[in-house]
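S.K.: Following this line is my_file18.cif, made up of mmCIF, C-alpha atoms and all ligand atoms:
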```
data_query
loop_
_atom_site.label_atom_id
_atom_site.label_comp_id
_atom_site.auth_asym_id
_atom_site.auth_seq_id
_atom_site.Cartn_x
_atom_site.Cartn_y
_atom_site.Cartn_z
CA MET A 1 -13.47 -23.22 2.03
CA ARG A 2 -13.49 -21.79 -1.53
CA SER A 3 -10.69 -19.71 -2.95
CA VAL A 4 -11.45 -16.04 -3.53
CA ALA A 5 -10.35 -16.72 -7.13
CA ASP A 6 -13.39 -18.99 -7.69
CA GLN A 7 -16.11 -16.76 -6.18
CA SER A 8 -18.39 -14.20 -7.83
CA VAL A 9 -18.21 -10.48 -6.99
CA ARG A 10 -21.53 -10.84 -5.14
CA GLU A 11 -20.22 -13.74 -3.03
CA LEU A 12 -17.16 -11.65 -2.13
CA GLY A 13 -19.31 -8.80 -0.78
CA GLY A 14 -19.72 -6.59 -3.85
CA ARG A 15 -17.41 -4.33 -5.88
CA MET A 16 -16.34 -2.29 -2.82
CA SER A 17 -15.34 -5.37 -0.79
CA VAL A 18 -11.69 -5.67 0.20
CA LEU A 19 -11.68 -9.15 -1.34
CA VAL A 20 -12.69 -7.87 -4.79
CA ARG A 21 -10.19 -4.98 -4.58
CA GLN A 22 -7.47 -7.45 -3.61
CA ARG A 23 -8.32 -9.83 -6.44
CA ASP A 24 -8.33 -6.97 -9.00
CA ASP A 25 -4.82 -5.96 -7.89
CA HIS A 26 -3.64 -9.57 -8.01
CA VAL A 27 -4.84 -9.86 -11.64
CA GLU A 28 -2.93 -6.66 -12.51
CA LEU A 29 0.15 -8.03 -10.75
CA ASP A 30 -0.05 -11.22 -12.80
CA SER A 31 -0.08 -9.28 -16.08
CA LEU A 32 2.85 -7.09 -14.92
CA LEU A 33 4.85 -10.24 -14.09
CA ASP A 34 4.07 -11.59 -17.57
CA ARG A 35 5.22 -8.27 -19.09
CA LEU A 36 8.40 -8.38 -17.01
CA ALA A 37 9.19 -11.92 -18.18
CA LEU A 38 8.88 -10.80 -21.83
CA SER A 39 10.92 -7.57 -21.37
CA SER A 40 14.44 -7.05 -22.66
CA HIS A 41 17.08 -5.88 -20.14
CA GLU A 42 16.52 -2.26 -21.28
CA GLU A 43 12.72 -2.51 -20.90
CA GLN A 44 12.79 -4.08 -17.43
CA LEU A 45 13.20 -0.95 -15.30
CA PRO A 46 9.98 0.91 -16.26
CA VAL A 47 8.01 -2.35 -15.84
CA LEU A 48 9.64 -2.90 -12.44
CA LEU A 49 8.73 0.64 -11.35
CA ASP A 50 5.07 -0.02 -12.31
CA LEU A 51 5.26 -3.28 -10.35
CA TYR A 52 6.69 -1.53 -7.25
CA ARG A 53 3.97 1.15 -7.37
CA LEU A 54 1.36 -1.64 -7.33
CA VAL A 55 2.97 -4.10 -4.91
CA PHE A 56 4.41 -2.01 -2.08
CA PRO A 57 1.36 0.17 -1.23
CA HIS A 58 -0.85 -2.95 -1.62
CA ALA A 59 1.27 -4.96 0.84
CA PHE A 60 1.74 -2.03 3.23
CA ALA A 61 -2.05 -1.63 3.51
CA GLU A 62 -2.39 -5.38 4.16
CA GLU A 63 0.21 -5.21 6.94
CA SER A 64 -1.31 -2.18 8.65
CA VAL A 65 -5.07 -2.81 8.14
CA LEU A 66 -5.84 -6.47 7.34
CA TRP A 67 -3.31 -8.65 9.18
CA PRO A 68 -3.80 -6.95 12.61
CA LEU A 69 -7.55 -7.63 12.24
CA MET A 70 -6.91 -11.27 11.27
CA ARG A 71 -4.73 -11.72 14.36
CA ARG A 72 -7.66 -10.48 16.46
CA VAL A 73 -10.45 -12.58 14.89
CA LEU A 74 -8.72 -15.89 14.08
CA PRO A 75 -7.25 -18.25 16.70
CA ASP A 76 -4.37 -19.11 14.33
CA GLY A 77 -4.20 -15.58 12.89
CA GLU A 78 -0.69 -15.05 14.26
CA GLN A 79 0.75 -18.03 12.35
CA LEU A 80 -1.22 -17.29 9.15
CA THR A 81 -0.23 -13.63 8.96
CA LEU A 82 3.39 -14.26 9.92
CA GLN A 83 3.79 -16.50 6.87
CA VAL A 84 2.67 -13.74 4.46
CA GLU A 85 4.71 -11.12 6.35
CA GLN A 86 7.77 -13.32 5.74
CA GLU A 87 6.89 -13.41 2.02
CA HIS A 88 6.54 -9.61 1.99
CA GLN A 89 9.90 -9.32 3.77
CA GLU A 90 11.58 -11.47 1.12
CA VAL A 91 10.06 -9.28 -1.63
CA ASN A 92 11.46 -6.15 0.09
CA GLU A 93 14.91 -7.75 0.37
CA LEU A 94 14.95 -9.00 -3.24
CA VAL A 95 13.98 -5.58 -4.63
CA THR A 96 16.63 -3.86 -2.49
CA ARG A 97 19.21 -6.35 -3.88
CA LEU A 98 18.04 -5.69 -7.45
CA GLU A 99 18.96 -2.01 -7.03
CA HIS A 100 22.62 -3.08 -6.79
CA LEU A 101 22.77 -5.89 -9.36
CA GLU A 102 24.12 -5.27 -12.86
CA ARG A 103 21.64 -5.70 -15.74
CA GLY A 104 21.92 -9.02 -17.57
CA THR A 105 23.95 -10.85 -14.90
CA PRO A 106 22.89 -14.36 -13.79
CA GLU A 107 22.51 -13.05 -10.19
CA ARG A 108 20.02 -10.41 -11.32
CA GLU A 109 18.06 -12.88 -13.48
CA ALA A 110 17.89 -15.30 -10.52
CA ALA A 111 16.68 -12.51 -8.19
CA LEU A 112 14.00 -11.50 -10.74
CA GLY A 113 12.88 -15.13 -11.08
CA ARG A 114 12.61 -15.54 -7.33
CA LEU A 115 10.74 -12.21 -7.04
CA ALA A 116 8.05 -13.42 -9.47
CA GLU A 117 7.86 -16.75 -7.62
CA VAL A 118 7.39 -15.21 -4.15
CA LEU A 119 4.82 -12.69 -5.39
CA ARG A 120 2.77 -15.50 -6.95
CA GLU A 121 3.06 -17.61 -3.75
CA ASP A 122 1.85 -14.62 -1.72
CA VAL A 123 -1.22 -14.23 -3.95
CA ARG A 124 -2.08 -17.93 -3.65
CA ASP A 125 -1.70 -17.89 0.16
CA GLU A 126 -3.99 -14.87 0.42
CA GLU A 127 -6.68 -15.94 -2.08
CA ASP A 128 -6.77 -19.65 -1.16
CA GLU A 129 -6.27 -19.49 2.61
CA LEU A 130 -6.20 -16.15 4.43
CA PHE A 131 -9.12 -14.39 2.73
CA PRO A 132 -11.54 -17.37 2.82
CA ARG A 133 -10.77 -17.61 6.56
CA LEU A 134 -11.44 -13.88 7.00
CA GLN A 135 -14.68 -14.29 5.03
CA GLU A 136 -15.91 -16.84 7.60
CA ARG A 137 -15.51 -14.29 10.41
CA VAL A 138 -16.73 -10.98 9.03
CA SER A 139 -19.94 -9.85 7.29
CA ALA A 140 -20.24 -8.54 3.71
CA ARG A 141 -20.78 -5.04 5.14
CA GLN A 142 -17.57 -5.31 7.18
CA LEU A 143 -15.73 -6.50 4.06
CA ARG A 144 -16.84 -3.32 2.28
CA MET A 145 -15.75 -1.13 5.22
CA LEU A 146 -12.40 -2.93 5.26
CA GLY A 147 -12.19 -2.30 1.52
CA LEU A 148 -12.51 1.43 2.13
CA ALA A 149 -9.91 1.47 4.94
CA TRP A 150 -7.47 -0.63 2.89
CA GLU A 151 -7.94 1.64 -0.17
CA ILE A 152 -7.34 4.85 1.84
CA VAL A 153 -4.11 3.49 3.36
CA ARG A 154 -2.94 2.12 0.01
CA ARG A 155 -3.24 5.56 -1.61
CA VAL A 156 -0.87 7.21 0.87
CA ALA A 157 1.52 4.28 1.49
CA PRO A 158 5.23 4.00 0.54
CA THR A 159 5.87 2.80 -3.03
CA ARG A 160 9.40 1.33 -2.69
CA ALA A 161 11.11 -1.53 -0.88
CA HIS A 162 11.88 -0.99 2.81
CA PRO A 163 13.34 -4.19 4.29
CA ILE A 164 14.42 -2.65 7.64
CA VAL A 165 11.14 -1.02 8.65
CA ALA A 166 8.72 -3.16 10.73
CA ARG A 167 6.19 -5.30 8.87
CA ARG A 168 3.79 -4.63 11.77
CA PRO A 169 2.30 -1.67 13.65
CA PRO A 170 3.25 0.58 15.27
CA GLY A 171 6.58 0.77 13.38
CA ASN A 172 5.19 0.52 9.84
CA VAL A 173 2.40 3.01 10.58
CA LEU A 174 4.88 5.57 11.96
CA ALA A 175 7.13 5.06 8.93
CA ALA A 176 4.33 5.55 6.40
CA LEU A 177 4.29 9.34 6.07
CA PRO A 178 8.03 10.14 5.75
CA LEU A 179 8.74 7.12 3.53
CA SER A 180 5.72 7.79 1.34
CA VAL A 181 6.81 11.43 0.74
CA LEU A 182 10.31 10.27 -0.19
CA ASP A 183 9.17 7.34 -2.36
CA ARG A 184 6.55 9.30 -4.26
CA SER A 185 9.07 12.07 -4.93
CA ARG A 186 11.39 9.41 -6.38
CA ASP A 187 8.50 8.13 -8.52
CA ARG A 188 8.04 11.63 -10.00
CA LEU A 189 11.75 12.05 -10.64
CA ASP A 190 12.01 8.65 -12.33
CA ALA A 191 8.90 9.32 -14.44
CA ALA A 192 10.45 12.63 -15.58
CA ARG A 193 13.72 10.83 -16.35
CA PHE A 194 12.03 8.12 -18.44
CA ALA A 195 9.99 10.76 -20.29
CA ARG A 196 13.37 12.05 -21.56
CA GLY A 197 14.63 8.61 -22.55
CA ALA A 198 16.35 7.93 -19.20
CA THR A 199 19.25 10.19 -20.16
CA ASP A 200 19.05 12.85 -17.44
CA GLY A 201 21.93 12.19 -15.04
CA SER A 202 20.92 14.91 -12.56
CA LEU A 203 17.42 13.44 -12.07
CA HIS A 204 18.98 10.00 -11.62
CA ALA A 205 21.39 11.39 -8.99
CA LEU A 206 18.52 13.09 -7.15
CA SER A 207 16.51 9.87 -7.15
CA GLU A 208 19.51 7.92 -5.83
CA GLY A 209 20.00 10.55 -3.12
CA LEU A 210 16.39 10.21 -1.99
CA SER A 211 16.80 6.42 -1.97
CA ARG A 212 19.77 6.73 0.42
CA VAL A 213 17.79 9.11 2.66
CA SER A 214 14.80 6.76 2.82
CA HIS A 215 17.03 3.77 3.70
CA ALA A 216 18.53 5.89 6.50
CA VAL A 217 15.07 6.95 7.72
CA GLU A 218 13.85 3.36 8.03
CA ARG A 219 16.74 2.63 10.40
CA LEU A 220 15.19 4.88 13.08
CA PRO A 221 14.48 2.53 16.02
CA ILE A 222 10.90 3.82 16.34
CA MET A 223 10.12 2.57 12.83
CA ARG A 224 11.17 -0.97 13.71
CA ARG A 225 8.83 -1.27 16.71
CA GLY A 226 6.35 -4.18 16.70
CA GLU A 227 8.48 -6.34 14.38
CA ASP A 228 8.44 -10.14 14.71
CA PRO A 229 12.04 -11.43 15.09
CA SER A 230 11.65 -13.62 11.96
CA THR A 231 11.16 -10.57 9.71
CA SER A 232 13.61 -8.30 11.53
CA ARG A 233 16.84 -7.33 9.75
CA GLY A 234 19.86 -5.67 11.36
CA ALA A 235 19.60 -1.92 10.88
CA GLY A 236 23.36 -1.22 10.92
CA GLY A 237 24.23 2.08 9.28
CA ARG A 238 24.19 5.50 10.88
CA SER A 239 23.24 6.30 14.48
CA ALA A 240 19.76 7.64 15.16
CA PRO A 241 20.58 11.35 15.86
CA VAL A 242 22.44 11.66 12.56
CA VAL A 243 19.61 9.91 10.80
CA VAL A 244 17.10 12.34 12.29
CA VAL A 245 19.03 15.24 10.75
CA ILE A 246 19.29 13.40 7.42
CA PHE A 247 15.58 12.73 7.55
CA ALA A 248 14.73 16.41 8.05
CA LEU A 249 17.03 17.40 5.16
CA GLY A 250 15.67 14.60 3.04
CA ALA A 251 12.06 15.64 3.57
CA VAL A 252 12.92 19.18 2.42
CA GLY A 253 14.91 17.77 -0.50
CA ALA A 254 12.01 15.56 -1.47
CA VAL A 255 9.60 18.48 -1.62
CA VAL A 256 12.09 20.53 -3.67
CA ALA A 257 12.77 17.59 -5.98
CA ALA A 258 9.07 16.95 -6.51
CA GLY A 259 8.53 20.60 -7.46
CA LEU A 260 11.55 20.49 -9.78
CA ALA A 261 10.31 17.38 -11.52
CA ARG A 262 6.84 18.86 -11.97
CA ARG A 263 8.27 22.02 -13.55
CA ARG A 264 10.44 20.01 -15.92
CA LEU A 265 7.60 17.73 -17.03
FE FE B 1 -2.72 -9.09 -1.66
FE FE B 2 0.45 -9.73 0.13
#
```
Could you render the structure as structure tokens?

M.R.:
Amino acid sequence: MRSVADQSVRELGGRMSVLVRQRDDHVELDSLLDRLALSSHEEQLPVLLDLYRLVFPHAFAEESVLWPLMRRVLPDGEQLTLQVEQEHQEVNELVTRLEHLERGTPEREAALGRLAEVLREDVRDEEDELFPRLQERVSARQLRMLGLAWEIVRRVAPTRAHPIVARRPPGNVLAALPLSVLDRSRDRLDAARFARGATDGSLHALSEGLSRVSHAVERLPIMRRGEDPSTSRGAGGRSAPVVVVIFALGAVGAVVAAGLARRRL
């Protein structure tokens, strides 16, 4: 069994293959982690936002397209995919913690160090073990079709950490649309803020507001369906009916905020 890292594009099924698309993203992730390690405290946030926009849609598309297939075609698919889902869960929890840790503190530096470590472990598990196993079971043509499905989901997936939402269907699939609208609105607001030298307090407040709404949305019980107990985290927080109202308001707010950010850009 040869690692995906050591195979040619042709061996992996061609440029459109899911294995080539995965490897390309993993290379980009590696260079972002190198950039993050060399960044000053002030430079970290824009690099982290680039990292989140790469990592979270990438992992979401794995959890909703690739791992369910691996559980169907491999006898030990359950155990293999659970291990990477646990890594993804840790990434979601670390990034959520980072949102509340003061810049330059030892706790934040430790969380950043662990984040880089888990992301690199996840890449090694996928390239050295999971994907070579998948390659044994599916044809090159199927790898290209999977590449297309994975790419489509990745382009509309959430772009921020969501540790409460299920790592498995149907919960994660149901959560995709509302969380993606909220996350991508936050991305626009943050981009507009950084374009002005990160000085706009109102855009920061709007982004924080959307963050609170999205964390409330992921507590909806329906979005936690299908979760394995080992990646499940207590939802706590507000009761579902209140959250439904917040969600509706948040979706409207997100659309307004996105329009506002576009006008200001
Ligand atoms: Fe991956
Ligand atoms: Fe992954």

S.K.: Between atom CA of Ala192 of chain A and atom CA of Ala205 of chain A, what is the distance, to one decimal in Å?

M.R.: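 According to the coordinates, atom CA of Ala192 of chain A and atom CA of Ala205 of chain A are separated by 12.8 Å.
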
S.K.: Choose the residue, out of A:Arg141, A:Arg133, A:His58, A:Arg2, that has the smallest atom-to-atom separation from ligand FE 1 (chain B); count all atoms listed in the file.

M.R.: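 Of the candidates, the smallest distance to ligand FE 1 (chain B) is held by A:His58.
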
S.K.: Can you work out the spacing between atom CA of Asp34 of chain A and atom CA of Leu112 of chain A in Å, to one decimal?

M.R.: 12.1 Å

S.K.: Compare A:Met70, A:Val84, A:Leu130, A:Leu48 by their minimum atom-to-atom distance to Met1 of chain A, counting all atoms listed in the file, and give me the closest one.

M.R.: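 That would be A:Leu130, the residue with the smallest distance to Met1 of chain A.
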
S.K.: Around ligand FE 2 (chain B), out to 7 Å and counting only C-alpha atoms and all ligand atoms, which residues are there? I want them as a list in words.

M.R.: Ala59, Glu62, Val84, His88, Asp122, Val123 and Glu126 of chain A

S.K.: Taking only C-alpha atoms and all ligand atoms into account, produce a table as CSV in which each residue of chain A with an atom at most 12 Å from an atom of ligand FE 1 (chain B) appears once, together with its shortest atom pair and the distance in Å to one decimal, ordered by chain and rising number.

M.R.:
```
residue,atom,partner,partner_atom,distance
A:Val4,CA,B:FE1,FE,11.3
A:Val18,CA,B:FE1,FE,9.8
A:Leu19,CA,B:FE1,FE,9.0
A:Val20,CA,B:FE1,FE,10.5
A:Arg21,CA,B:FE1,FE,9.0
A:Gln22,CA,B:FE1,FE,5.4
A:Arg23,CA,B:FE1,FE,7.4
A:Asp24,CA,B:FE1,FE,9.5
A:Asp25,CA,B:FE1,FE,7.3
A:His26,CA,B:FE1,FE,6.4
A:Val27,CA,B:FE1,FE,10.2
A:Glu28,CA,B:FE1,FE,11.1
A:Leu29,CA,B:FE1,FE,9.6
A:Asp30,CA,B:FE1,FE,11.7
A:Leu54,CA,B:FE1,FE,10.2
A:Val55,CA,B:FE1,FE,8.2
A:Phe56,CA,B:FE1,FE,10.1
A:Pro57,CA,B:FE1,FE,10.1
A:His58,CA,B:FE1,FE,6.4
A:Ala59,CA,B:FE1,FE,6.3
A:Phe60,CA,B:FE1,FE,9.7
A:Ala61,CA,B:FE1,FE,9.1
A:Glu62,CA,B:FE1,FE,6.9
A:Glu63,CA,B:FE1,FE,9.9
A:Val65,CA,B:FE1,FE,11.9
A:Leu66,CA,B:FE1,FE,9.9
A:Trp67,CA,B:FE1,FE,10.9
A:Thr81,CA,B:FE1,FE,11.8
A:Val84,CA,B:FE1,FE,9.4
A:Glu85,CA,B:FE1,FE,11.1
A:Glu87,CA,B:FE1,FE,11.2
A:His88,CA,B:FE1,FE,10.0
A:Leu119,CA,B:FE1,FE,9.2
A:Arg120,CA,B:FE1,FE,10.0
A:Glu121,CA,B:FE1,FE,10.5
A:Asp122,CA,B:FE1,FE,7.2
A:Val123,CA,B:FE1,FE,5.8
A:Arg124,CA,B:FE1,FE,9.1
A:Asp125,CA,B:FE1,FE,9.0
A:Glu126,CA,B:FE1,FE,6.3
A:Glu127,CA,B:FE1,FE,7.9
A:Asp128,CA,B:FE1,FE,11.3
A:Glu129,CA,B:FE1,FE,11.8
A:Leu130,CA,B:FE1,FE,10.0
A:Phe131,CA,B:FE1,FE,9.4
A:Trp150,CA,B:FE1,FE,10.7
A:Arg154,CA,B:FE1,FE,11.3
```

S.K.: Could you tell me how far atom CA of Met223 of chain A lies from atom CA of Leu82 of chain A, in Å and to one decimal?

M.R.: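 Separating atom CA of Met223 of chain A from atom CA of Leu82 of chain A is a distance of 18.4 Å.
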
S.K.: Would you please work out which residue, of A:Ser207, A:Ser214, A:Gln79, A:Thr96, is nearest to Ser180 of chain A when using only C-alpha atoms?

M.R.: A:Ser214
